[in-house]
Structure formats: C-alpha cells, structure tokens
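Trainee: I am sharing model-v4.txt, which consists of compact mmCIF, C-alpha atoms:
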# COMPACT_ATOMS: atom_id res chain seq x y z
CA MET A 2 9.50 33.35 -65.47
CA SER A 3 9.35 33.70 -61.70
CA LYS A 4 10.68 37.24 -61.95
CA SER A 5 7.97 38.27 -64.40
CA LYS A 6 5.28 37.02 -62.02
CA LEU A 7 6.68 38.83 -58.97
CA PRO A 8 5.11 42.27 -59.67
CA GLN A 9 1.79 40.60 -60.35
CA LEU A 10 1.87 38.74 -57.01
CA GLU A 11 2.71 41.93 -55.14
CA SER A 12 -0.17 43.78 -56.81
CA GLU A 13 -2.50 40.97 -55.79
CA LYS A 14 -1.44 41.43 -52.16
CA ASP A 15 -2.27 45.16 -52.16
CA PRO A 16 -6.08 44.74 -51.92
CA LEU A 17 -5.67 42.20 -49.10
CA LEU A 18 -3.31 44.49 -47.23
CA PHE A 19 -5.73 47.42 -47.61
CA LYS A 20 -8.59 45.26 -46.35
CA LYS A 21 -6.62 44.21 -43.26
CA ILE A 22 -5.73 47.84 -42.50
CA LEU A 23 -9.38 48.85 -42.92
CA ILE A 24 -10.57 46.09 -40.55
CA ARG A 25 -8.00 47.03 -37.92
CA PHE A 26 -8.93 50.70 -38.20
CA ALA A 27 -12.62 49.83 -37.78
CA LEU A 28 -11.81 47.71 -34.71
CA VAL A 29 -9.81 50.55 -33.15
CA ILE A 30 -12.71 52.98 -33.75
CA LEU A 31 -15.16 50.46 -32.27
CA ILE A 32 -13.02 49.89 -29.17
CA LEU A 33 -12.56 53.62 -28.65
CA GLY A 34 -16.29 54.19 -29.06
CA LEU A 35 -17.18 51.46 -26.56
CA THR A 36 -14.58 52.75 -24.11
CA PHE A 37 -15.93 56.29 -24.35
CA ARG A 38 -19.50 55.02 -23.84
CA TYR A 39 -18.43 52.94 -20.82
CA VAL A 40 -16.55 55.84 -19.20
CA ARG A 41 -19.48 58.19 -19.81
CA GLU A 42 -21.94 55.70 -18.28
CA TRP A 43 -19.59 55.22 -15.32
CA GLN A 44 -19.65 58.98 -14.70
CA LEU A 45 -23.45 59.09 -14.85
CA VAL A 46 -23.91 56.10 -12.53
CA HIS A 47 -21.38 57.39 -10.01
CA GLY A 48 -22.74 60.92 -10.22
CA GLU A 49 -25.39 59.85 -7.70
CA ILE A 50 -22.83 58.64 -5.17
CA GLY A 51 -22.20 61.11 -2.38
CA THR A 52 -25.33 63.08 -3.25
CA LEU A 53 -27.35 63.47 -0.07
CA PRO A 54 -31.15 63.39 -0.32
CA GLY A 55 -32.69 66.80 -0.83
CA GLN A 56 -34.73 68.35 1.95
CA LEU A 57 -38.11 66.72 2.05
CA LEU A 58 -41.00 67.71 4.29
CA THR A 59 -43.61 65.11 3.36
CA ALA A 60 -44.52 62.94 0.38
CA ASP A 61 -47.52 60.78 -0.35
CA CYS A 62 -45.57 57.56 -0.95
CA GLY A 63 -42.17 55.98 -0.65
CA VAL A 64 -41.02 53.16 -2.93
CA VAL A 65 -38.24 50.93 -1.67
CA LEU A 66 -36.40 48.63 -4.08
CA THR A 67 -35.35 45.50 -2.22
CA GLY A 68 -31.74 44.39 -2.29
CA SER A 69 -30.48 45.09 1.20
CA ILE A 70 -31.98 45.51 4.65
CA GLY A 71 -30.59 49.05 4.76
CA ARG A 72 -32.97 50.16 2.03
CA VAL A 73 -36.01 48.64 3.73
CA ARG A 74 -35.08 50.13 7.08
CA GLU A 75 -34.64 53.56 5.49
CA GLY A 76 -38.16 53.31 4.11
CA PHE A 77 -39.58 52.37 7.51
CA ASP A 78 -37.65 55.24 9.11
CA LEU A 79 -39.22 57.74 6.71
CA LEU A 80 -42.66 56.29 7.42
CA GLU A 81 -42.05 56.41 11.17
CA GLN A 82 -40.90 60.03 10.96
CA GLY A 83 -43.99 61.02 8.99
CA GLN A 84 -42.03 62.03 5.90
CA ILE A 85 -44.03 59.61 3.76
CA GLN A 86 -47.64 58.55 4.22
CA ASN A 87 -47.45 55.14 2.53
CA LEU A 88 -44.57 52.73 1.99
CA ILE A 89 -44.41 50.45 -1.06
CA ILE A 90 -41.73 47.78 -0.88
CA SER A 91 -41.10 46.49 -4.40
CA GLY A 92 -39.54 43.16 -5.35
CA VAL A 93 -40.42 41.25 -2.17
CA ASN A 94 -39.98 37.48 -2.09
CA PRO A 95 -43.51 35.98 -2.31
CA GLN A 96 -42.80 33.94 0.83
CA ASN A 97 -41.84 36.94 2.97
CA ASN A 98 -43.89 39.22 5.18
CA ILE A 99 -43.07 42.50 6.95
CA ARG A 100 -41.37 40.82 9.88
CA ASP A 101 -39.12 38.87 7.49
CA LEU A 102 -38.07 42.08 5.80
CA LEU A 103 -37.42 43.96 9.03
CA PRO A 104 -37.37 41.88 12.22
CA ILE A 105 -37.40 45.01 14.41
CA TRP A 106 -40.58 46.28 12.74
CA PRO A 107 -42.74 45.83 15.92
CA TYR A 108 -40.60 48.48 17.62
CA TYR A 109 -41.81 51.09 15.14
CA LYS A 110 -44.78 52.87 16.70
CA LYS A 111 -46.14 54.90 13.78
CA ALA A 112 -45.23 52.63 10.86
CA GLN A 113 -48.47 50.71 10.96
CA GLU A 114 -49.03 47.68 8.74
CA ASN A 115 -51.97 49.22 6.90
CA PHE A 116 -49.62 51.87 5.48
CA VAL A 117 -47.13 49.30 4.16
CA PHE A 118 -47.67 47.54 0.82
CA LEU A 119 -45.59 44.58 -0.34
CA GLU A 120 -45.21 44.25 -4.09
CA LYS A 121 -44.22 40.62 -4.80
CA ARG A 122 -44.34 40.23 -8.58
CA SER A 123 -41.30 42.14 -9.88
CA GLU A 124 -37.81 40.65 -10.23
CA THR A 125 -35.99 43.44 -12.09
CA THR A 126 -35.64 47.22 -11.82
CA TYR A 127 -37.97 47.64 -14.78
CA GLY A 128 -40.44 45.30 -13.09
CA ASN A 129 -40.15 47.39 -9.91
CA ALA A 130 -41.16 50.47 -11.89
CA VAL A 131 -44.11 48.84 -13.68
CA GLN A 132 -45.53 47.00 -10.67
CA SER A 133 -45.07 49.79 -8.13
CA ALA A 134 -46.77 52.22 -10.52
CA HIS A 135 -50.04 50.32 -9.99
CA TYR A 136 -49.81 50.96 -6.24
CA VAL A 137 -48.89 54.61 -6.79
CA GLN A 138 -51.94 55.12 -8.97
CA ALA A 139 -54.25 53.20 -6.61
CA LEU A 140 -53.04 55.25 -3.63
CA LYS A 141 -53.29 58.45 -5.71
CA CYS A 142 -49.74 59.48 -4.84
CA ARG A 143 -48.80 62.89 -6.18
CA ASP A 144 -45.15 62.54 -5.20
CA VAL A 145 -42.95 59.53 -4.51
CA VAL A 146 -39.67 59.07 -2.67
CA LEU A 147 -37.53 56.55 -4.54
CA ILE A 148 -35.39 54.65 -2.03
CA THR A 149 -32.49 52.51 -3.21
CA SER A 150 -28.71 52.39 -3.00
CA GLU A 151 -26.52 55.19 -4.30
CA LEU A 152 -25.06 52.91 -6.96
CA HIS A 153 -28.50 51.79 -8.14
CA MET A 154 -30.13 55.23 -8.07
CA PHE A 155 -29.20 56.43 -11.57
CA ARG A 156 -30.58 53.35 -13.34
CA SER A 157 -33.62 53.23 -11.07
CA TYR A 158 -34.61 56.86 -11.61
CA GLN A 159 -34.01 56.68 -15.37
CA THR A 160 -36.18 53.55 -15.52
CA PHE A 161 -38.96 54.84 -13.26
CA ARG A 162 -39.38 58.26 -14.84
CA PRO A 163 -40.75 57.08 -18.23
CA VAL A 164 -43.02 54.49 -16.56
CA TYR A 165 -44.60 56.77 -13.94
CA PRO A 166 -47.15 59.41 -14.98
CA MET A 167 -45.51 62.77 -15.67
CA GLY A 168 -47.68 64.39 -13.00
CA VAL A 169 -46.05 62.27 -10.27
CA VAL A 170 -42.95 63.89 -8.77
CA ILE A 171 -40.12 61.45 -8.01
CA TRP A 172 -37.71 62.39 -5.23
CA LYS A 173 -34.35 60.60 -5.09
CA HIS A 174 -33.39 59.20 -1.70
CA PRO A 175 -30.10 57.26 -2.08
CA VAL A 176 -29.07 54.96 0.76
CA ILE A 177 -25.39 55.26 1.69
CA ALA A 178 -23.33 52.07 1.31
CA PRO A 179 -22.58 50.39 4.68
CA ARG A 180 -18.84 50.47 3.99
CA GLY A 181 -19.02 53.95 2.53
CA TYR A 182 -17.86 52.76 -0.89
CA PHE A 183 -18.61 50.21 -3.61
CA SER A 184 -16.18 47.63 -4.97
CA PHE A 185 -14.88 47.98 -8.51
CA PHE A 186 -16.73 44.79 -9.45
CA ASP A 187 -20.07 46.08 -8.13
CA SER A 188 -19.54 49.42 -9.85
CA SER A 189 -18.60 47.82 -13.18
CA LEU A 190 -21.58 45.46 -13.01
CA GLU A 191 -23.97 48.35 -12.43
CA VAL A 192 -22.45 50.28 -15.36
CA PHE A 193 -22.97 47.30 -17.68
CA LYS A 194 -26.56 46.94 -16.45
CA SER A 195 -27.17 50.62 -17.12
CA LEU A 196 -25.77 50.26 -20.64
CA PHE A 197 -28.08 47.30 -21.19
CA TYR A 198 -31.13 49.26 -19.96
CA ARG A 199 -30.35 52.42 -21.92
CA PRO A 200 -31.59 51.46 -25.42
CA TRP A 201 -35.05 50.33 -24.34
CA ALA A 202 -35.83 51.53 -20.80
CA TYR A 203 -34.47 55.10 -20.51
Here is the file; what I need is its structure written in the form of structure tokens.
Mentor:
Amino acid sequence: MSKSKLPQLESEKDPLLFKKILIRFALVILILGLTFRYVREWQLVHGEIGTLPGQLLTADCGVVLTGSIGRVREGFDLLEQGQIQNLIISGVNPQNNIRDLLPIWPYYKKAQENFVFLEKRSETTYGNAVQSAHYVQALKCRDVVLITSELHMFRSYQTFRPVYPMGVVIWKHPVIAPRGYFSFFDSSLEVFKSLFYRPWAY
C-alpha cells in the first residue's frame, strides 16, 4: 500500500519544488536588478567628484547649501571676488546669523550684508530647491551658481533643475572635500539618498 502511494506523493512534491525554484529565480533577478541600479547610481553620484568648476566670469546669484563651513566660505569668496552679485545661503538654522555661519565674515570687504540672504525654512535638499527658488525669482536672477560638496552635487543639481524655471541657468560649483576623498559610508549614504529622490524629485 505504501509503495502504491509513493509515485503520488512524489508528483505532489513537483508543484512545490517548481514554486520554490521560481521564487529563488525571482529573488536572484531582483537582487541583480537592485545591484545594477545601485552601481549605476554610484557612478552618477561619483561622476561629479574631481570635476572642477567651469570657468565663470559673473553670475547674478549663488546658492549655497549648508552642511559644512567650507561651502559657506566658498560662497562668500565668490561674492568677494565679484563672481556672483548676490549670495543665498539655504538651510540656515533659524537661530543663526551671518557671523555664526562664518566668523571671519567682517574681514570680507566687498561681501556686504545687503547682498547676502539667509533662507531658514528648508531642511532637505528638495526644500533647499523650493525655498531658494523664491529668492532667485525675487532677485530676478538669470543664472545661478549652485555651491555644495562634490558628493552632494549630483543629487542637488538633479533636484534643483526641475524646480527652477527653465530660463534660469544653473552652474555647478562643487566644493572639494577637506580630506580630498569621501568615506565609503558617506558615499553609500549619498547613493541611497539619490535612489530615494529619483522616483519623485528628478
């Protein structure tokens, strides 16, 4: 009796075995797809690293995304050198003023306070784009220098471009990392953020 049931039991296992194989195959395809997407995004994000700012004579406005004092100082340097006419610092802590952002600001001779605008409402890169766009429109900027870190530049530009009017030219001005490189953790985190932004912001 047990022998007569054996073929039947084996045939019952076949659909289950096929289902397991199908699930594993689907998981492999999913993992490969996610890996390919991650590697591609890594290449795009890191494509900005090592790219020096293009030659720029003058621009109406500069937009600095806060995150490090190096970015803010770069913005003040461009203003001091006359390469930008107005400086918008986006993502400033509501409690901070210009001196808090750059203690050596009084030593700048041409970077006068009436040409510096502190945007204090945004907390994300997308918020930086939306809130700074109001200043850009109010100041009637025809071209803007986007100032942020090399690692952050890809996501920033891709986020800013759809938000800003098409008639406004956006120049990329990446700030070199103090150590000359980014850690694997920082790089991976930025790649994941870029992947998160891609479906709805780019």
Trainee: List as a ChimeraX atom specification the residues having at least one atom at most 12 Å from position (-35.6, 47.9, 3.8) as given in the file, counting only C-alpha atoms.
Mentor: /A:63-80,88-93,99-106,117,119,148-150,176
Trainee: Please save C-alpha atoms of the selected residues as a JSON list (two decimals), keeping the file's coordinate frame.
Mentor:
[["chain", "number", "residue", "atom", "x", "y", "z"],
["A", 63, "GLY", "CA", -42.17, 55.98, -0.65],
["A", 64, "VAL", "CA", -41.02, 53.16, -2.93],
["A", 65, "VAL", "CA", -38.24, 50.93, -1.67],
["A", 66, "LEU", "CA", -36.40, 48.63, -4.08],
["A", 67, "THR", "CA", -35.35, 45.50, -2.22],
["A", 68, "GLY", "CA", -31.74, 44.39, -2.29],
["A", 69, "SER", "CA", -30.48, 45.09, 1.20],
["A", 70, "ILE", "CA", -31.98, 45.51, 4.65],
["A", 71, "GLY", "CA", -30.59, 49.05, 4.76],
["A", 72, "ARG", "CA", -32.97, 50.16, 2.03],
["A", 73, "VAL", "CA", -36.01, 48.64, 3.73],
["A", 74, "ARG", "CA", -35.08, 50.13, 7.08],
["A", 75, "GLU", "CA", -34.64, 53.56, 5.49],
["A", 76, "GLY", "CA", -38.16, 53.31, 4.11],
["A", 77, "PHE", "CA", -39.58, 52.37, 7.51],
["A", 78, "ASP", "CA", -37.65, 55.24, 9.11],
["A", 79, "LEU", "CA", -39.22, 57.74, 6.71],
["A", 80, "LEU", "CA", -42.66, 56.29, 7.42],
["A", 88, "LEU", "CA", -44.57, 52.73, 1.99],
["A", 89, "ILE", "CA", -44.41, 50.45, -1.06],
["A", 90, "ILE", "CA", -41.73, 47.78, -0.88],
["A", 91, "SER", "CA", -41.10, 46.49, -4.40],
["A", 92, "GLY", "CA", -39.54, 43.16, -5.35],
["A", 93, "VAL", "CA", -40.42, 41.25, -2.17],
["A", 99, "ILE", "CA", -43.07, 42.50, 6.95],
["A", 100, "ARG", "CA", -41.37, 40.82, 9.88],
["A", 101, "ASP", "CA", -39.12, 38.87, 7.49],
["A", 102, "LEU", "CA", -38.07, 42.08, 5.80],
["A", 103, "LEU", "CA", -37.42, 43.96, 9.03],
["A", 104, "PRO", "CA", -37.37, 41.88, 12.22],
["A", 105, "ILE", "CA", -37.40, 45.01, 14.41],
["A", 106, "TRP", "CA", -40.58, 46.28, 12.74],
["A", 117, "VAL", "CA", -47.13, 49.30, 4.16],
["A", 119, "LEU", "CA", -45.59, 44.58, -0.34],
["A", 148, "ILE", "CA", -35.39, 54.65, -2.03],
["A", 149, "THR", "CA", -32.49, 52.51, -3.21],
["A", 150, "SER", "CA", -28.71, 52.39, -3.00],
["A", 176, "VAL", "CA", -29.07, 54.96, 0.76]]
Trainee: I'd like to know which of A:His153, A:Arg199, A:His174, A:Lys194 is closest to Gln84 of chain A, using only C-alpha atoms.
Mentor: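 Comparing A:His153, A:Arg199, A:His174, A:Lys194 against Gln84 of chain A, the winner is A:His174.
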Trainee: Here's a test: counting all atoms listed in the file, identify every protein, DNA and RNA residue with an atom at most 8 Å from (-26.1, 60.2, -7.6) in the file's coordinate frame, and state them as a ChimeraX atom specification.
Mentor: /A:45-52,151-152,154-155,175
Trainee: Quick one: residues within 12 Å of Gly168 of chain A, all atoms listed in the file counted, chain neighbours fewer than 6 positions away excluded, as a PyMOL selection string?
Mentor: chain A and resi 137-138+141-145+162
Trainee: As a PDB file with C-alpha atoms, keeping the file's coordinate frame, please: the residues near Gln132 of chain A (cut-off 9 Å, all atoms listed in the file, same-chain neighbours under 4 positions excluded).
Mentor:
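New file selection-v3.pdb:
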ATOM      1  CA  SER A  91     -41.100  46.490  -4.400  1.00  0.00           C
ATOM      2  CA  GLY A  92     -39.540  43.160  -5.350  1.00  0.00           C
ATOM      3  CA  GLU A 120     -45.210  44.250  -4.090  1.00  0.00           C
ATOM      4  CA  LYS A 121     -44.220  40.620  -4.800  1.00  0.00           C
ATOM      5  CA  ARG A 122     -44.340  40.230  -8.580  1.00  0.00           C
ATOM      6  CA  SER A 123     -41.300  42.140  -9.880  1.00  0.00           C
ATOM      7  CA  TYR A 127     -37.970  47.640 -14.780  1.00  0.00           C
ATOM      8  CA  GLY A 128     -40.440  45.300 -13.090  1.00  0.00           C
ATOM      9  CA  TYR A 136     -49.810  50.960  -6.240  1.00  0.00           C
TER      10      TYR A 136
END
Trainee: Residues within 6 Å of segment 110-113 of chain A, please, as a count of residues only. Count all atoms listed in the file; anything in the same chain fewer than 2 positions from it doesn't count.
Mentor: 4
Trainee: Name the closest residue to Val131 of chain A among the candidates A:Ala202, A:Leu190, A:Val40, A:Leu18; distances are taken between atoms, counting all atoms listed in the file.
Mentor: A:Ala202
Trainee: Choose the residue, out of A:Arg156, A:Arg41, A:Arg180, A:Lys21, that has the smallest atom-to-atom separation from Asn129 of chain A; count only C-alpha atoms.
Mentor: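 Once distances to Asn129 of chain A are computed over only C-alpha atoms, the minimum belongs to A:Arg156.
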Trainee: Draw an axis-aligned box over all listed atoms of segment 118-134 of chain A, pad each side with 4 Å, and write its centre and edge lengths in Å, one decimal, as AutoDock Vina command-line options.
Mentor:
--center_x -41.7 --center_y 46.2 --center_z -7.0 --size_x 20.0 --size_y 20.0 --size_z 23.6
Trainee: Enter the distance from atom CA of Asp61 of chain A to atom CA of Tyr158 of chain A, in Å, rounded to one decimal.
Mentor: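 It comes out at 17.6 Å.
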Trainee: Atom CA of Glu124 of chain A and atom CA of Pro200 of chain A are how many Å apart?
Mentor: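 That distance, rounded to one decimal, is 19.7 Å.
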Trainee: When you draw a straight line from atom CA of Gln82 of chain A to atom CA of His135 of chain A, how long is it in Å?
Mentor: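 Going from atom CA of Gln82 of chain A over to atom CA of His135 of chain A covers 24.8 Å.
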Trainee: Give the answer as one residue: which of A:Thr59, A:Leu140, A:Trp201, A:Tyr109 has the shortest atom-to-atom distance to Trp172 of chain A, using only C-alpha atoms?
Mentor: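 Residue with the minimum atom-to-atom distance to Trp172 of chain A: A:Thr59.
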Trainee: Please list as a list in words every residue within 9 Å of Ala130 of chain A, counting all atoms listed in the file and excluding residues in the same chain fewer than 4 positions away.
Mentor: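 Counting only the stated atoms, we get Ser91, Ser123, Thr125, Thr126, Ala134, Ser157, Thr160, Phe161, Arg162, Val164 and Tyr165 of chain A.
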